[in-house]
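K.L.:
Before I ask anything, here is the structure I am working with.
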Amino acid sequence: MSVKVKICGLKRPEDILAVNEAKADYAGFVFFEKSRRNISFDTAEKLLRLLAPGIESVAVCVSPTEEFIHEISKLGFDRIQIHGDISPEILDQIQTPVWQAVNVKDGLAPALFLKHESIDGYVVDGADYGGGKTFGWEDDSIGSSAAAAVRETLEGKTFVLAGGLNTDNVRKGIELFCPDVVDVSSGVELDGAKSERLIHRFIRKVREQ
């Protein structure tokens, strides 16, 4: 199985060009005012026009309102990745496939993962959204048990491994968890901005045999 790559936190036209050239599978755009990667709807609309065909767009948000979901739907995103609270009313309203993001703080509790027909995947992330840290799986003893729990809990749904990934640890994460997608943001940045070189390097690392 070939592991797909999501590059998240894209803000600039040059970020999109780098993702296009490197042939990523997913492009993530953050809508969260507390994040330094936050963008406006207008900026997102302009960036989406530059995205190469075949790369799926993902709107990343936190505890969205119905108004927010309506705006995202108008922009034509392929997927919505939701952190924080998700009400049943929101899930019933969404027509776009949802990835629920689960921040692992004190172990991987199955109760964290919502069950709804709109949810077709789960982003298993570090303790803090956008924190750039793993949830401790680099420790072999923790990693083995976490991998087993993830595989059991997420069977049949898209599994996105996120949180603290970079070119140094992504192969270990793939070997341990066998995810469908790996999701990176800070791991391909230099001085707070996306690096074309690191994006290419990360994707090469993921796809090497």
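In the structure tokens, chains take the letters A, B, ... in the order shown, each chain's residues start at 1, and ligands count up from 1 in the order shown.
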For stretch 38-46 of chain A, work out the shell of residues within 8 Å, counting only C-alpha atoms and skipping chain neighbours fewer than 3 positions away, then give it as a ChimeraX atom specification.
P.N.:
/A:9,11,29-35,49-50,71-72,75
K.L.:
Just N, CA, C and O atoms for this one: save the residues we selected as a PDB file, in the first residue's frame.
P.N.:
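Writing the result to selection_31.pdb gives the following:
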```
ATOM      1  N   GLY A   9      -1.266  23.671   6.293  1.00  0.00           N
ATOM      2  CA  GLY A   9      -0.884  25.025   6.684  1.00  0.00           C
ATOM      3  C   GLY A   9      -0.368  25.867   5.538  1.00  0.00           C
ATOM      4  O   GLY A   9       0.495  26.727   5.720  1.00  0.00           O
ATOM      5  N   LYS A  11      -0.245  28.829   2.908  1.00  0.00           N
ATOM      6  CA  LYS A  11      -0.687  30.220   3.029  1.00  0.00           C
ATOM      7  C   LYS A  11      -0.376  31.077   1.806  1.00  0.00           C
ATOM      8  O   LYS A  11      -1.011  32.099   1.591  1.00  0.00           O
ATOM      9  N   PHE A  29      -5.525  23.655   4.399  1.00  0.00           N
ATOM     10  CA  PHE A  29      -5.651  25.094   4.605  1.00  0.00           C
ATOM     11  C   PHE A  29      -6.309  25.320   5.963  1.00  0.00           C
ATOM     12  O   PHE A  29      -7.388  24.780   6.231  1.00  0.00           O
ATOM     13  N   VAL A  30      -5.675  26.118   6.795  1.00  0.00           N
ATOM     14  CA  VAL A  30      -6.108  26.274   8.187  1.00  0.00           C
ATOM     15  C   VAL A  30      -7.008  27.500   8.355  1.00  0.00           C
ATOM     16  O   VAL A  30      -6.650  28.608   7.950  1.00  0.00           O
ATOM     17  N   PHE A  31      -8.154  27.268   8.996  1.00  0.00           N
ATOM     18  CA  PHE A  31      -9.089  28.345   9.340  1.00  0.00           C
ATOM     19  C   PHE A  31      -9.269  28.328  10.858  1.00  0.00           C
ATOM     20  O   PHE A  31     -10.195  27.717  11.389  1.00  0.00           O
ATOM     21  N   PHE A  32      -8.341  28.969  11.532  1.00  0.00           N
ATOM     22  CA  PHE A  32      -8.362  29.008  13.001  1.00  0.00           C
ATOM     23  C   PHE A  32      -7.566  30.231  13.427  1.00  0.00           C
ATOM     24  O   PHE A  32      -6.346  30.287  13.244  1.00  0.00           O
ATOM     25  N   GLU A  33      -8.246  31.218  13.983  1.00  0.00           N
ATOM     26  CA  GLU A  33      -7.627  32.525  14.231  1.00  0.00           C
ATOM     27  C   GLU A  33      -6.420  32.460  15.161  1.00  0.00           C
ATOM     28  O   GLU A  33      -5.526  33.307  15.072  1.00  0.00           O
ATOM     29  N   LYS A  34      -6.369  31.476  16.042  1.00  0.00           N
ATOM     30  CA  LYS A  34      -5.251  31.385  16.975  1.00  0.00           C
ATOM     31  C   LYS A  34      -4.000  30.768  16.341  1.00  0.00           C
ATOM     32  O   LYS A  34      -2.937  30.757  16.958  1.00  0.00           O
ATOM     33  N   SER A  35      -4.133  30.264  15.138  1.00  0.00           N
ATOM     34  CA  SER A  35      -2.998  29.637  14.452  1.00  0.00           C
ATOM     35  C   SER A  35      -2.257  30.658  13.600  1.00  0.00           C
ATOM     36  O   SER A  35      -2.871  31.492  12.928  1.00  0.00           O
ATOM     37  N   ARG A  49      -7.445  28.049  -6.573  1.00  0.00           N
ATOM     38  CA  ARG A  49      -7.380  28.156  -8.035  1.00  0.00           C
ATOM     39  C   ARG A  49      -6.032  27.692  -8.579  1.00  0.00           C
ATOM     40  O   ARG A  49      -5.919  27.285  -9.731  1.00  0.00           O
ATOM     41  N   LEU A  50      -4.988  27.779  -7.737  1.00  0.00           N
ATOM     42  CA  LEU A  50      -3.635  27.407  -8.174  1.00  0.00           C
ATOM     43  C   LEU A  50      -3.326  25.933  -7.972  1.00  0.00           C
ATOM     44  O   LEU A  50      -2.339  25.423  -8.503  1.00  0.00           O
ATOM     45  N   GLU A  71     -19.820  28.428   4.457  1.00  0.00           N
ATOM     46  CA  GLU A  71     -18.802  29.155   3.690  1.00  0.00           C
ATOM     47  C   GLU A  71     -17.794  28.194   3.058  1.00  0.00           C
ATOM     48  O   GLU A  71     -17.399  28.361   1.896  1.00  0.00           O
ATOM     49  N   ILE A  72     -17.380  27.196   3.813  1.00  0.00           N
ATOM     50  CA  ILE A  72     -16.415  26.215   3.303  1.00  0.00           C
ATOM     51  C   ILE A  72     -17.003  25.442   2.125  1.00  0.00           C
ATOM     52  O   ILE A  72     -16.336  25.163   1.132  1.00  0.00           O
ATOM     53  N   LEU A  75     -16.774  27.248  -1.114  1.00  0.00           N
ATOM     54  CA  LEU A  75     -15.429  27.287  -1.698  1.00  0.00           C
ATOM     55  C   LEU A  75     -15.076  25.997  -2.428  1.00  0.00           C
ATOM     56  O   LEU A  75     -14.120  25.959  -3.205  1.00  0.00           O
TER      57      LEU A  75
END
```
K.L.:
Near A:Pro179, within 10 Å and counting only C-alpha atoms, which residues show up once chain neighbours fewer than 3 positions away are dropped, as a list in words?
P.N.:
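The residues satisfying every condition are Met1, Ser2, Val3, Lys4, Val123, Val124, Ala147, Val150, Arg151, Thr158, Phe159, Val160, Leu161, Ala162, Gly173, Ile174, Glu175, Leu176 and Val182 of chain A.
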K.L.:
Compile the contact shell of stretch 112-118 of chain A as a count of residues only: residues with an atom at most 10 Å away, counting only C-alpha atoms, same-chain residues fewer than 2 positions apart removed.
P.N.:
27
K.L.:
For the alpha helix (DSSP H) assignment from backbone DSSP, which residues of chain A qualify? Please present them as a VMD selection string.
P.N.:
chain A and resid 13 to 22 41 to 50 66 to 75 88 to 93 140 to 153 170 to 177 196 to 207
K.L.:
So which residues touch A:Asn166 within 9 Å, counting only C-alpha atoms, skipping near sequence neighbours fewer than 2 positions away, as a PyMOL selection string?
P.N.:
chain A and resi 164+168-170+184-188+198+202
K.L.:
Now that the selection is made, can you save its residues with all heavy atoms as a PDB file, in the first residue's frame?
P.N.:
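Dumped to result13.pdb:
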```
ATOM      1  N   GLY A 164       3.990  16.267  14.699  1.00  0.00           N
ATOM      2  CA  GLY A 164       5.436  16.153  14.883  1.00  0.00           C
ATOM      3  C   GLY A 164       6.174  15.359  13.831  1.00  0.00           C
ATOM      4  O   GLY A 164       7.336  14.991  14.035  1.00  0.00           O
ATOM      5  N   ASP A 168      12.980  12.970   9.491  1.00  0.00           N
ATOM      6  CA  ASP A 168      13.753  12.045  10.332  1.00  0.00           C
ATOM      7  C   ASP A 168      12.909  10.925  10.929  1.00  0.00           C
ATOM      8  O   ASP A 168      13.419   9.839  11.187  1.00  0.00           O
ATOM      9  CB  ASP A 168      14.439  12.811  11.471  1.00  0.00           C
ATOM     10  CG  ASP A 168      15.506  13.769  10.955  1.00  0.00           C
ATOM     11  OD1 ASP A 168      16.158  13.437   9.944  1.00  0.00           O
ATOM     12  OD2 ASP A 168      15.667  14.840  11.561  1.00  0.00           O
ATOM     13  N   ASN A 169      11.613  11.189  11.175  1.00  0.00           N
ATOM     14  CA  ASN A 169      10.817  10.170  11.869  1.00  0.00           C
ATOM     15  C   ASN A 169       9.666   9.593  11.057  1.00  0.00           C
ATOM     16  O   ASN A 169       9.001   8.657  11.503  1.00  0.00           O
ATOM     17  CB  ASN A 169      10.276  10.720  13.202  1.00  0.00           C
ATOM     18  CG  ASN A 169       9.281  11.857  13.017  1.00  0.00           C
ATOM     19  OD1 ASN A 169       8.797  12.114  11.920  1.00  0.00           O
ATOM     20  ND2 ASN A 169       8.963  12.548  14.102  1.00  0.00           N
ATOM     21  N   VAL A 170       9.407  10.138   9.864  1.00  0.00           N
ATOM     22  CA  VAL A 170       8.214   9.702   9.140  1.00  0.00           C
ATOM     23  C   VAL A 170       8.271   8.236   8.723  1.00  0.00           C
ATOM     24  O   VAL A 170       7.259   7.519   8.755  1.00  0.00           O
ATOM     25  CB  VAL A 170       7.933  10.615   7.921  1.00  0.00           C
ATOM     26  CG1 VAL A 170       8.988  10.454   6.833  1.00  0.00           C
ATOM     27  CG2 VAL A 170       6.535  10.334   7.368  1.00  0.00           C
ATOM     28  N   VAL A 184       1.847  16.558   7.484  1.00  0.00           N
ATOM     29  CA  VAL A 184       2.963  17.348   7.996  1.00  0.00           C
ATOM     30  C   VAL A 184       2.703  18.832   7.801  1.00  0.00           C
ATOM     31  O   VAL A 184       2.084  19.247   6.824  1.00  0.00           O
ATOM     32  CB  VAL A 184       4.285  16.944   7.300  1.00  0.00           C
ATOM     33  CG1 VAL A 184       4.269  17.303   5.820  1.00  0.00           C
ATOM     34  CG2 VAL A 184       5.494  17.572   7.974  1.00  0.00           C
ATOM     35  N   SER A 185       3.185  19.630   8.757  1.00  0.00           N
ATOM     36  CA  SER A 185       3.109  21.085   8.625  1.00  0.00           C
ATOM     37  C   SER A 185       4.423  21.714   9.062  1.00  0.00           C
ATOM     38  O   SER A 185       5.249  22.086   8.243  1.00  0.00           O
ATOM     39  CB  SER A 185       1.937  21.647   9.428  1.00  0.00           C
ATOM     40  OG  SER A 185       1.786  23.021   9.171  1.00  0.00           O
ATOM     41  N   SER A 186       4.654  21.791  10.382  1.00  0.00           N
ATOM     42  CA  SER A 186       5.889  22.427  10.867  1.00  0.00           C
ATOM     43  C   SER A 186       7.131  21.662  10.421  1.00  0.00           C
ATOM     44  O   SER A 186       8.210  22.244  10.298  1.00  0.00           O
ATOM     45  CB  SER A 186       5.868  22.546  12.392  1.00  0.00           C
ATOM     46  OG  SER A 186       5.772  21.281  13.006  1.00  0.00           O
ATOM     47  N   GLY A 187       6.988  20.370  10.163  1.00  0.00           N
ATOM     48  CA  GLY A 187       8.138  19.553   9.746  1.00  0.00           C
ATOM     49  C   GLY A 187       8.681  19.890   8.368  1.00  0.00           C
ATOM     50  O   GLY A 187       9.743  19.398   7.983  1.00  0.00           O
ATOM     51  N   VAL A 188       7.953  20.737   7.616  1.00  0.00           N
ATOM     52  CA  VAL A 188       8.454  21.170   6.300  1.00  0.00           C
ATOM     53  C   VAL A 188       8.548  22.697   6.260  1.00  0.00           C
ATOM     54  O   VAL A 188       8.358  23.316   5.223  1.00  0.00           O
ATOM     55  CB  VAL A 188       7.579  20.640   5.137  1.00  0.00           C
ATOM     56  CG1 VAL A 188       7.743  19.135   5.004  1.00  0.00           C
ATOM     57  CG2 VAL A 188       6.111  21.004   5.327  1.00  0.00           C
ATOM     58  N   LEU A 198      12.190  21.256   1.745  1.00  0.00           N
ATOM     59  CA  LEU A 198      11.750  20.296   2.758  1.00  0.00           C
ATOM     60  C   LEU A 198      10.481  19.557   2.338  1.00  0.00           C
ATOM     61  O   LEU A 198      10.299  18.383   2.671  1.00  0.00           O
ATOM     62  CB  LEU A 198      11.534  20.995   4.087  1.00  0.00           C
ATOM     63  CG  LEU A 198      12.795  21.474   4.814  1.00  0.00           C
ATOM     64  CD1 LEU A 198      12.443  22.143   6.138  1.00  0.00           C
ATOM     65  CD2 LEU A 198      13.754  20.313   5.045  1.00  0.00           C
ATOM     66  N   PHE A 202      10.509  15.600   2.186  1.00  0.00           N
ATOM     67  CA  PHE A 202       9.559  14.821   2.981  1.00  0.00           C
ATOM     68  C   PHE A 202       8.811  13.824   2.102  1.00  0.00           C
ATOM     69  O   PHE A 202       8.680  12.646   2.446  1.00  0.00           O
ATOM     70  CB  PHE A 202       8.573  15.762   3.676  1.00  0.00           C
ATOM     71  CG  PHE A 202       7.610  15.054   4.596  1.00  0.00           C
ATOM     72  CD1 PHE A 202       7.941  14.795   5.914  1.00  0.00           C
ATOM     73  CD2 PHE A 202       6.364  14.654   4.136  1.00  0.00           C
ATOM     74  CE1 PHE A 202       7.062  14.150   6.770  1.00  0.00           C
ATOM     75  CE2 PHE A 202       5.459  14.005   4.972  1.00  0.00           C
ATOM     76  CZ  PHE A 202       5.814  13.753   6.292  1.00  0.00           C
TER      77      PHE A 202
END
```
K.L.:
What does the distance between atom CA of A:Tyr26 and atom CA of A:Asp78 come to in Å, to one decimal place?
P.N.:
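Taking atom CA of A:Tyr26 and atom CA of A:Asp78, their separation equals 9.4 Å.
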K.L.:
Report, in Å with one decimal, the straight-line distance from atom CA of A:Glu155 to atom CA of A:Arg171.
P.N.:
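Value for the atom CA of A:Glu155-atom CA of A:Arg171 distance: 21.4 Å.
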K.L.:
For A:Glu89, which residue out of A:Ala27, A:Ile69, A:Val181, A:Ala22 is the nearest one, using only C-alpha atoms?
P.N.:
A:Ile69
K.L.:
Can you tell me, as an MDAnalysis selection string, what residues are no more than 9 Å from A:Phe77 when counting only C-alpha atoms, ignoring any on the same chain fewer than 6 positions away?
P.N.:
chainID A and resid 48 56:59 96
K.L.:
If I take atom CA of A:Glu196 and atom CA of A:Arg12, how far is one from the other in Å, to one decimal?
P.N.:
11.8 Å
K.L.:
Could you go through stretch 23-205 of chain A and tell me which residues DSSP, when run on the backbone, assigns to strand (DSSP E), listing them as an MDAnalysis selection string?
P.N.:
chainID A and resid 26:31 56:62 79:83 98:103 119:125 158:161 181:184 189:190 193:194
